[in-house]
$ cat run14.tsv   # TSV, C-alpha atoms
chain	number	residue	atom	x	y	z
A	640	LEU	CA	10.08	-0.84	-29.41
A	641	ARG	CA	13.40	1.01	-29.11
A	642	ALA	CA	12.59	3.10	-32.17
A	643	ARG	CA	9.16	4.01	-30.84
A	644	ILE	CA	10.47	4.92	-27.36
A	645	ALA	CA	13.15	7.12	-28.90
A	646	ASP	CA	10.40	9.29	-30.40
A	647	PHE	CA	9.28	10.41	-26.93
A	648	ASP	CA	10.77	13.44	-25.21
A	649	LEU	CA	9.16	12.42	-21.92
A	650	VAL	CA	7.79	9.16	-20.52
A	651	LEU	CA	5.58	9.30	-17.42
A	652	THR	CA	5.41	5.98	-15.63
A	653	TYR	CA	3.06	4.69	-12.93
A	654	GLY	CA	5.91	3.51	-10.74
A	655	GLY	CA	9.15	1.62	-10.68
A	656	GLY	CA	11.69	4.20	-9.51
A	657	ASP	CA	15.24	4.29	-10.85
A	658	PRO	CA	15.21	0.73	-12.32
A	659	VAL	CA	12.26	1.56	-14.61
A	660	VAL	CA	13.65	5.01	-15.45
A	661	GLU	CA	16.98	3.47	-16.43
A	662	ARG	CA	15.27	0.93	-18.71
A	663	TYR	CA	13.35	3.62	-20.58
A	664	LEU	CA	16.47	5.76	-20.95
A	665	ALA	CA	18.37	2.72	-22.25
A	666	LEU	CA	15.64	2.29	-24.87
A	667	GLY	CA	16.21	5.85	-26.07
A	668	ALA	CA	13.67	7.93	-24.14
A	669	HIS	CA	14.89	11.49	-23.58
A	670	ASP	CA	13.52	11.54	-20.04
A	671	CYS	CA	11.37	9.36	-17.77
A	672	VAL	CA	9.66	10.48	-14.57
A	673	PRO	CA	7.59	8.27	-12.23
A	674	VAL	CA	4.28	9.76	-11.11
A	675	TYR	CA	3.30	7.65	-8.14
A	676	ASN	CA	0.00	6.81	-6.53
A	677	ALA	CA	-1.22	9.19	-3.84
A	678	VAL	CA	-4.21	9.99	-1.62
A	679	ASP	CA	-7.23	12.23	-2.09
A	680	PRO	CA	-7.89	13.54	1.44
A	681	GLU	CA	-11.46	14.41	0.51
A	682	THR	CA	-12.32	10.75	-0.06
A	683	HIS	CA	-9.85	8.93	2.20
A	684	HIS	CA	-9.55	10.25	5.73
A	685	PRO	CA	-9.96	9.17	9.38
A	686	VAL	CA	-13.49	8.29	10.51
A	687	ASP	CA	-15.05	6.94	13.69
A	688	PRO	CA	-14.46	3.22	14.37
A	689	ASP	CA	-17.03	0.72	13.13
A	690	ASP	CA	-17.86	-2.27	15.33
A	691	ARG	CA	-17.90	-4.58	12.29
A	692	PHE	CA	-14.21	-4.00	11.69
A	693	PHE	CA	-12.70	-4.32	15.16
A	694	CYS	CA	-9.73	-6.72	15.02
A	695	ASP	CA	-6.00	-6.81	15.51
A	696	LEU	CA	-5.12	-6.99	11.80
A	697	ALA	CA	-7.21	-6.49	8.66
A	698	PHE	CA	-6.34	-7.15	5.05
A	699	LEU	CA	-8.45	-6.03	2.10
A	700	GLY	CA	-7.75	-7.37	-1.38
A	701	ASN	CA	-9.45	-9.50	-3.99
A	702	ARG	CA	-8.16	-13.02	-4.54
A	703	LEU	CA	-5.82	-12.82	-7.55
A	704	PRO	CA	-3.26	-15.32	-8.89
A	705	ASP	CA	-0.28	-12.98	-8.48
A	706	ARG	CA	-1.33	-12.03	-4.94
A	707	GLU	CA	-2.68	-15.21	-3.30
A	708	ALA	CA	0.67	-16.81	-2.44
A	709	ARG	CA	1.82	-13.59	-0.76
A	710	VAL	CA	-1.45	-13.29	1.17
A	711	GLU	CA	-0.87	-16.82	2.41
A	712	ALA	CA	2.72	-16.01	3.38
A	713	PHE	CA	2.11	-12.67	5.06
A	714	PHE	CA	-1.48	-12.75	6.32
A	715	LEU	CA	-2.61	-16.33	6.85
A	716	THR	CA	0.76	-17.45	8.21
A	717	ALA	CA	0.73	-14.52	10.63
A	718	ALA	CA	-2.76	-15.51	11.79
A	719	ALA	CA	-1.62	-19.09	12.38
A	720	LEU	CA	1.37	-17.84	14.38
A	721	ALA	CA	-0.78	-15.52	16.52
A	722	PRO	CA	-3.81	-17.65	17.52
A	723	SER	CA	-4.82	-15.27	20.33
A	724	ARG	CA	-5.17	-12.35	17.89
A	725	THR	CA	-8.12	-11.57	15.63
A	726	PHE	CA	-7.82	-11.14	11.85
A	727	LEU	CA	-10.25	-9.89	9.19
A	728	LEU	CA	-9.94	-10.82	5.50
A	729	GLY	CA	-11.89	-8.63	3.08
A	730	GLY	CA	-12.26	-8.82	-0.68
A	731	SER	CA	-13.88	-11.02	-3.28
A	732	GLY	CA	-12.99	-14.61	-4.09
A	733	TRP	CA	-11.82	-15.87	-0.71
A	734	GLU	CA	-14.91	-17.98	-0.07
A	735	GLY	CA	-13.89	-21.65	0.20
A	736	LYS	CA	-10.30	-20.77	1.10
A	737	GLN	CA	-9.05	-22.75	4.12
A	738	LEU	CA	-8.42	-20.21	6.88
A	739	PRO	CA	-7.07	-20.29	10.43
A	740	THR	CA	-9.87	-20.22	13.00
A	741	ASN	CA	-8.98	-16.69	14.12
A	742	VAL	CA	-9.58	-15.25	10.61
A	743	SER	CA	-13.05	-13.92	9.78
A	744	LEU	CA	-14.21	-13.36	6.20
A	745	LEU	CA	-15.74	-10.01	5.30
A	746	GLY	CA	-16.39	-10.58	1.61
A	747	HIS	CA	-16.63	-7.56	-0.65
A	748	VAL	CA	-16.14	-4.23	1.14
A	749	GLY	CA	-17.50	-1.26	-0.80
A	750	THR	CA	-15.35	1.81	-1.31
A	751	GLY	CA	-17.65	3.81	0.95
A	752	GLU	CA	-16.58	1.58	3.85
A	753	HIS	CA	-12.83	1.63	3.22
A	754	ASN	CA	-12.21	4.53	5.60
A	755	ALA	CA	-13.91	2.68	8.45
A	756	LEU	CA	-12.03	-0.53	7.62
A	757	ASN	CA	-8.74	1.38	7.71
A	758	SER	CA	-9.56	3.46	10.79
A	759	THR	CA	-10.92	0.72	13.07
A	760	PRO	CA	-8.43	-2.20	13.39
A	761	LEU	CA	-5.30	-2.06	15.50
A	762	ALA	CA	-3.37	-2.39	12.24
A	763	VAL	CA	-3.99	-3.04	8.54
A	764	LEU	CA	-1.82	-5.04	6.16
A	765	ASN	CA	-0.67	-4.21	2.64
A	766	VAL	CA	0.34	-7.16	0.45
A	767	THR	CA	1.95	-6.14	-2.83
A	768	ARG	CA	1.60	-7.98	-6.14
A	769	ASP	CA	4.61	-9.97	-7.32
A	770	SER	CA	5.34	-7.70	-10.29
A	771	MET	CA	5.29	-4.55	-8.15
A	772	VAL	CA	7.64	-6.11	-5.60
A	773	ALA	CA	10.02	-7.16	-8.37
A	774	ASN	CA	10.21	-3.62	-9.74
A	775	GLY	CA	10.17	-1.86	-6.39
A	776	TRP	CA	9.28	1.79	-5.89
A	777	SER	CA	5.67	0.94	-6.84
A	778	PRO	CA	3.37	1.60	-3.88
A	779	ALA	CA	-0.21	0.43	-4.33
A	780	THR	CA	-3.04	2.92	-3.97
A	781	ARG	CA	-4.07	1.08	-0.79
A	782	VAL	CA	-0.85	2.20	0.94
A	783	PHE	CA	-1.86	5.84	0.63
A	784	GLU	CA	-5.55	5.21	1.32
A	785	ALA	CA	-4.70	3.45	4.58
A	786	ALA	CA	-2.24	6.15	5.61
A	787	GLY	CA	-4.79	8.80	4.66
A	788	ALA	CA	-7.23	7.24	7.12
A	789	GLY	CA	-4.61	7.31	9.88
A	790	ALA	CA	-4.16	3.53	9.88
A	791	CYS	CA	-1.21	1.80	11.45
A	792	LEU	CA	0.03	0.13	8.28
A	793	ILE	CA	2.10	-3.05	8.10
A	794	THR	CA	3.45	-3.69	4.61
A	795	ASP	CA	5.38	-6.52	3.04
A	796	ALA	CA	8.90	-5.39	2.21
A	797	TRP	CA	9.65	-3.90	-1.20
A	798	PRO	CA	12.50	-1.72	-2.47
A	799	GLY	CA	11.83	1.99	-2.12
A	800	ILE	CA	9.29	1.99	0.72
A	801	GLU	CA	11.43	4.54	2.57
A	802	LEU	CA	10.82	7.05	-0.26
A	803	PHE	CA	7.16	7.22	0.75
A	804	LEU	CA	6.92	6.33	4.47
A	805	GLU	CA	9.60	5.98	7.14
A	806	PRO	CA	9.90	2.36	8.34
A	807	GLY	CA	9.41	2.03	12.08
A	808	ALA	CA	7.92	5.50	12.47
A	809	GLU	CA	5.29	5.87	9.73
A	810	VAL	CA	4.93	2.24	8.60
A	811	LEU	CA	5.93	-1.21	9.83
A	812	VAL	CA	7.76	-3.41	7.32
A	813	ALA	CA	7.61	-7.21	7.32
A	814	TYR	CA	9.73	-9.71	5.42
A	815	ASP	CA	7.50	-12.71	6.14
A	816	GLY	CA	4.48	-13.81	8.11
A	817	ALA	CA	6.52	-14.21	11.29
A	818	ASP	CA	7.46	-10.53	11.06
A	819	VAL	CA	3.79	-9.60	10.65
A	820	ALA	CA	2.83	-11.69	13.70
A	821	ARG	CA	5.62	-10.08	15.72
A	822	HIS	CA	4.56	-6.56	14.74
A	823	VAL	CA	0.96	-7.29	15.75
A	824	ASP	CA	2.05	-8.88	19.03
A	825	GLU	CA	4.21	-5.86	19.93
A	826	LEU	CA	1.60	-3.25	19.05
A	827	ASP	CA	-0.62	-1.49	21.55
A	828	GLN	CA	-3.20	1.20	20.86
A	829	GLN	CA	-0.86	4.05	21.77
A	830	ARG	CA	1.91	2.99	19.39
A	831	ALA	CA	-0.52	2.08	16.63
A	832	ARG	CA	-2.15	5.51	16.83
A	833	ALA	CA	1.24	7.23	16.80
A	834	ILE	CA	2.34	5.38	13.66
A	835	GLY	CA	-1.00	6.08	11.98
A	836	ALA	CA	-0.86	9.77	12.85
A	837	ALA	CA	2.69	10.06	11.52
A	838	ALA	CA	1.72	8.31	8.28
A	839	LEU	CA	-1.28	10.61	7.86
A	840	ALA	CA	0.86	13.70	8.36
A	841	ARG	CA	3.42	12.43	5.83
A	842	VAL	CA	0.97	11.66	3.04
A	843	LEU	CA	-0.85	14.97	3.51
A	844	ARG	CA	2.49	16.74	3.37
A	845	GLU	CA	4.02	14.93	0.38
A	846	HIS	CA	1.70	12.43	-1.28
A	847	THR	CA	-1.63	13.92	-2.35
A	848	TYR	CA	-3.07	13.82	-5.85
A	849	ALA	CA	-3.05	17.62	-5.88
A	850	GLN	CA	0.72	17.49	-5.46
A	851	ARG	CA	1.02	14.84	-8.17
A	852	ALA	CA	-0.99	17.07	-10.50
A	853	GLU	CA	1.34	19.97	-9.79
A	854	GLN	CA	4.28	17.70	-10.59
A	855	VAL	CA	2.79	16.74	-13.97
A	856	GLU	CA	1.86	20.33	-14.81
A	857	ALA	CA	5.42	21.45	-14.10
A	858	LEU	CA	6.80	18.68	-16.31
A	859	LEU	CA	4.48	19.57	-19.20
A	860	ARG	CA	4.80	23.33	-18.92
A	861	VAL	CA	6.28	24.82	-22.07
A	862	PRO	CA	8.98	27.43	-21.33
A	863	ALA	CA	7.93	30.95	-22.32
$ encode --input "run14.tsv" --output "structure tokens"
Amino acid sequence: LRARIADFDLVLTYGGGDPVVERYLALGAHDCVPVYNAVDPETHHPVDPDDRFFCDLAFLGNRLPDREARVEAFFLTAAALAPSRTFLLGGSGWEGKQLPTNVSLLGHVGTGEHNALNSTPLAVLNVTRDSMVANGWSPATRVFEAAGAGACLITDAWPGIELFLEPGAEVLVAYDGADVARHVDELDQQRARAIGAAALARVLREHTYAQRAEQVEALLRVPA
């Protein structure tokens, strides 16, 4: 592997920040640059609320082995700790899962409805896969899609979040389900809208796919 990596002048990586860059350089790569996820504002943007998605906290994600334990810790635990609040769980595979009584199942939510699901609830939750948390600096596409819709986003904690959104102002960060429950309990519509608006402004300013394309073009441009 080291010999093969050393043949590359440039490695573009999906995420991982400095830890991943340092590993590639240690293997002999001449340079390594992360090109992160982003938002396409033509497809992900604020829309009018949809009555089907009114709740205090929504989470959308398919049931996967490297995600389920974290969904239990951050979403289902929060629901159990906040019995007076309403929670929506979307995604495939959750049928038959034992849920707190204040959690409603949505099942599969098509991509055409993601904007409404992000725009309607008081807040939406991002739960990151184990491997992405371990690496850090690896925001899921859903982070940018939610911010692009002006959602008040609560995310589980992972190294590097501050590179993309400012904690407390543009995103709320939680270290466990109790933190998620506390964030939801302390939110009102005014603060939620302010956080969502700040996140939207940030991603449009710094994290669009058009800007990522410009980054790649600059990296690949051959000097005259």
$ residues_around --input "run14.tsv" --residues "Ala820 (chain A)" --least-positions-apart "2" --cutoff "7 Å" --atoms "only C-alpha atoms" --output "list in words"
Ala717, Leu720, Ala721, Gly816, Ala817, Asp818, His822, Val823 and Asp824 of chain A
$ write_last_selection --input "run14.tsv" --atoms "C-alpha atoms" --output "JSON list (two decimals), in the coordinates of the input"
[["chain", "number", "residue", "atom", "x", "y", "z"],
["A", 717, "ALA", "CA", 0.73, -14.52, 10.63],
["A", 720, "LEU", "CA", 1.37, -17.84, 14.38],
["A", 721, "ALA", "CA", -0.78, -15.52, 16.52],
["A", 816, "GLY", "CA", 4.48, -13.81, 8.11],
["A", 817, "ALA", "CA", 6.52, -14.21, 11.29],
["A", 818, "ASP", "CA", 7.46, -10.53, 11.06],
["A", 822, "HIS", "CA", 4.56, -6.56, 14.74],
["A", 823, "VAL", "CA", 0.96, -7.29, 15.75],
["A", 824, "ASP", "CA", 2.05, -8.88, 19.03]]
$ closest_residue --input "run14.tsv" --among "A:Leu727, A:Ala712, A:Ala668, A:Val674" --to "Glu853 (chain A)" --atoms "only C-alpha atoms"
A:Val674
$ closest_residue --input "run14.tsv" --among "A:Glu661, A:Gln828, A:Arg702, A:Tyr814" --to "Gly735 (chain A)" --atoms "only C-alpha atoms"
A:Arg702
$ axis_aligned_box --input "run14.tsv" --around "region 696-713 of chain A" --padding-each-side "5 Å" --output "AutoDock Vina command-line options"
--center_x -3.4 --center_y -11.4 --center_z 1.5 --size_x 22.2 --size_y 20.8 --size_z 30.7
$ closest_residue --input "run14.tsv" --among "A:Ala708, A:Leu649, A:Ala718, A:Ile800" --to "Asp769 (chain A)" --atoms "all atoms listed in the file"
A:Ala708
$ closest_atom_pairs --input "run14.tsv" --of "region 654-721 of chain A" --to "region 831-845 of chain A" --cutoff "10 Å" --atoms "all atoms listed in the file" --output "JSON lines"
{"residue": "A:Ala677", "atom": "CA", "partner": "A:Val842", "partner_atom": "CA", "distance": 7.6}
{"residue": "A:Val678", "atom": "CA", "partner": "A:Val842", "partner_atom": "CA", "distance": 7.2}
{"residue": "A:Asp679", "atom": "CA", "partner": "A:Leu843", "partner_atom": "CA", "distance": 8.9}
{"residue": "A:Pro680", "atom": "CA", "partner": "A:Leu843", "partner_atom": "CA", "distance": 7.5}
{"residue": "A:His684", "atom": "CA", "partner": "A:Leu839", "partner_atom": "CA", "distance": 8.5}
{"residue": "A:Pro685", "atom": "CA", "partner": "A:Leu839", "partner_atom": "CA", "distance": 8.9}
$ atom_distance --input "run14.tsv" --atom1 "CA of Leu826 (chain A)" --atom2 "CA of Ala762 (chain A)"
8.5 Å
$ residues_around --input "run14.tsv" --residues "Gly730 (chain A)" --least-positions-apart "3" --cutoff "10 Å" --atoms "all atoms listed in the file" --output "MDAnalysis selection string"
chainID A and resid 698:702 733:734 744:749
$ residues_near_point --input "run14.tsv" --point "(12.4, -4.5, 7.3)" --cutoff "10 Å" --atoms "all atoms listed in the file" --output "number ranges by chain"
A: 794-797, 800, 806-807, 811-815, 818
